[in-house]
Amino acid sequence: MEKPPLQTFVTWQKAVRLAAHLYRLSWAEEHRPQGEDLRREAMHLACAIAVAQVATPPDPSDWEMPLGGCAELYTRLHVAELSGALTEREARGLLGQCEELERHLQGVRRTPTRTAGPGADTTNGAWPAPRPRLRG
């Protein structure tokens, strides 16, 4: 499997960070189901981006599902703010992350697809590669 270009990797990373941010939030008892839905939606978005990254052959339409997921998450974040599940400050930060992610997704979708050149190593293994562990 070919390694994804840096722009698509950064886009996936931003989605993972947004999901992690939602997992770190504490949710009041009455808003816990809503918080779980937001977490699940953010995780699905990160996974949809990962799937689009490894599409062979790549096509701009592969990014339609992640873009739709981003719009859905953005809408759910607004609802969470209006329902009181998120404070204005929390919502503003999360909505900003979602807007930035959407810009990245739009950029990745517009980027022309690249093919591996002659002699390119396409046996790099599964993407994304795990981080090396620090030895102490």
# chains A, B, ... in the order shown; residues from 1 in each chain; ligands from 1

call {"tool": "residues_around", "arguments": {"residues": "His21 (chain A)", "least_positions_apart": "4", "cutoff": "12 Å", "atoms": "only C-alpha atoms", "output": "list in words"}}
result
Lys14, Ala15, Val16, Arg17, Leu25, Ser26, Gly35, Leu38, Arg39, Ala42, Met43, Glu90, Ala91, Gly93, Leu94, Leu95, Gln97 and Cys98 of chain A

call {"tool": "select_by_dssp", "arguments": {"residues": "region 6-136 of chain A", "states": "helix (DSSP H, G or I)", "output": "MDAnalysis selection string"}}
result
chainID A and resid 6:24 29:53 60:83 88:110

call {"tool": "residues_around", "arguments": {"residues": "Gln106 (chain A)", "least_positions_apart": "5", "cutoff": "9 Å", "atoms": "only C-alpha atoms", "output": "JSON, numbers by chain"}}
result
{"A": [63, 67, 101, 111]}

call {"tool": "atom_distance", "arguments": {"atom1": "CA of Pro5 (chain A)", "atom2": "CA of Tyr23 (chain A)"}}
result
27.4 Å

call {"tool": "residues_around", "arguments": {"residues": "Arg40 (chain A)", "least_positions_apart": "4", "cutoff": "12 Å", "atoms": "only C-alpha atoms", "output": "compact mmCIF listing (two decimals) with N, CA, C and O atoms, in the first residue's frame"}}
result
# COMPACT_ATOMS: atom_id res chain seq x y z
N VAL A 16 -8.51 12.93 13.71
CA VAL A 16 -8.23 12.12 14.90
C VAL A 16 -8.12 13.02 16.13
O VAL A 16 -8.65 12.70 17.20
N LEU A 18 -9.56 15.92 16.58
CA LEU A 18 -10.91 16.41 16.91
C LEU A 18 -11.68 15.33 17.68
O LEU A 18 -12.33 15.62 18.69
N ALA A 19 -11.59 14.09 17.22
CA ALA A 19 -12.26 12.99 17.92
C ALA A 19 -11.70 12.85 19.34
O ALA A 19 -12.46 12.69 20.30
N ALA A 20 -10.39 12.93 19.48
CA ALA A 20 -9.76 12.81 20.80
C ALA A 20 -10.22 13.94 21.72
O ALA A 20 -10.47 13.71 22.91
N LEU A 22 -13.10 15.41 21.68
CA LEU A 22 -14.45 15.07 22.13
C LEU A 22 -14.43 13.97 23.18
O LEU A 22 -15.25 13.96 24.09
N TYR A 23 -13.50 13.04 23.07
CA TYR A 23 -13.40 11.97 24.07
C TYR A 23 -12.90 12.50 25.42
O TYR A 23 -13.20 11.92 26.45
N PRO A 33 -25.76 11.06 26.42
CA PRO A 33 -26.05 10.42 25.13
C PRO A 33 -25.63 11.30 23.94
O PRO A 33 -25.11 10.81 22.95
N GLN A 34 -25.84 12.60 24.08
CA GLN A 34 -25.43 13.52 23.03
C GLN A 34 -23.92 13.53 22.87
O GLN A 34 -23.40 13.54 21.76
N GLY A 35 -23.20 13.49 23.98
CA GLY A 35 -21.75 13.43 23.94
C GLY A 35 -21.25 12.16 23.28
O GLY A 35 -20.30 12.18 22.49
N GLU A 36 -21.91 11.05 23.58
CA GLU A 36 -21.54 9.77 22.95
C GLU A 36 -21.77 9.82 21.44
O GLU A 36 -20.97 9.31 20.66
N HIS A 44 -16.21 8.18 13.31
CA HIS A 44 -16.61 7.75 11.97
C HIS A 44 -15.98 8.65 10.92
O HIS A 44 -15.57 8.17 9.85
N LEU A 45 -15.91 9.94 11.21
CA LEU A 45 -15.31 10.88 10.27
C LEU A 45 -13.83 10.56 10.06
O LEU A 45 -13.35 10.50 8.93
N ALA A 46 -13.11 10.33 11.14
CA ALA A 46 -11.68 9.99 11.03
C ALA A 46 -11.50 8.69 10.24
O ALA A 46 -10.60 8.58 9.40
N CYS A 47 -12.36 7.73 10.49
CA CYS A 47 -12.28 6.45 9.76
C CYS A 47 -12.62 6.63 8.28
O CYS A 47 -11.98 6.02 7.42
N GLY A 69 -19.66 13.83 6.34
CA GLY A 69 -19.48 13.56 7.77
C GLY A 69 -19.04 14.79 8.53
O GLY A 69 -19.46 15.02 9.67
N GLU A 72 -22.03 16.98 8.95
CA GLU A 72 -22.92 16.44 9.98
C GLU A 72 -22.37 16.71 11.37
O GLU A 72 -23.11 17.12 12.28
N LEU A 73 -21.07 16.49 11.56
CA LEU A 73 -20.46 16.76 12.86
C LEU A 73 -20.58 18.24 13.22
O LEU A 73 -20.90 18.59 14.35
N ARG A 76 -24.09 18.87 14.38
CA ARG A 76 -24.31 18.29 15.71
C ARG A 76 -23.63 19.12 16.81
O ARG A 76 -24.14 19.22 17.92

call {"tool": "closest_residue", "arguments": {"among": "A:Pro58, A:Gln13, A:Asp37, A:Cys70", "to": "Glu99 (chain A)", "atoms": "only C-alpha atoms"}}
result
A:Cys70

call {"tool": "closest_residue", "arguments": {"among": "A:Ala50, A:Glu102, A:Asp62, A:Val79", "to": "Thr8 (chain A)", "atoms": "only C-alpha atoms"}}
result
A:Ala50
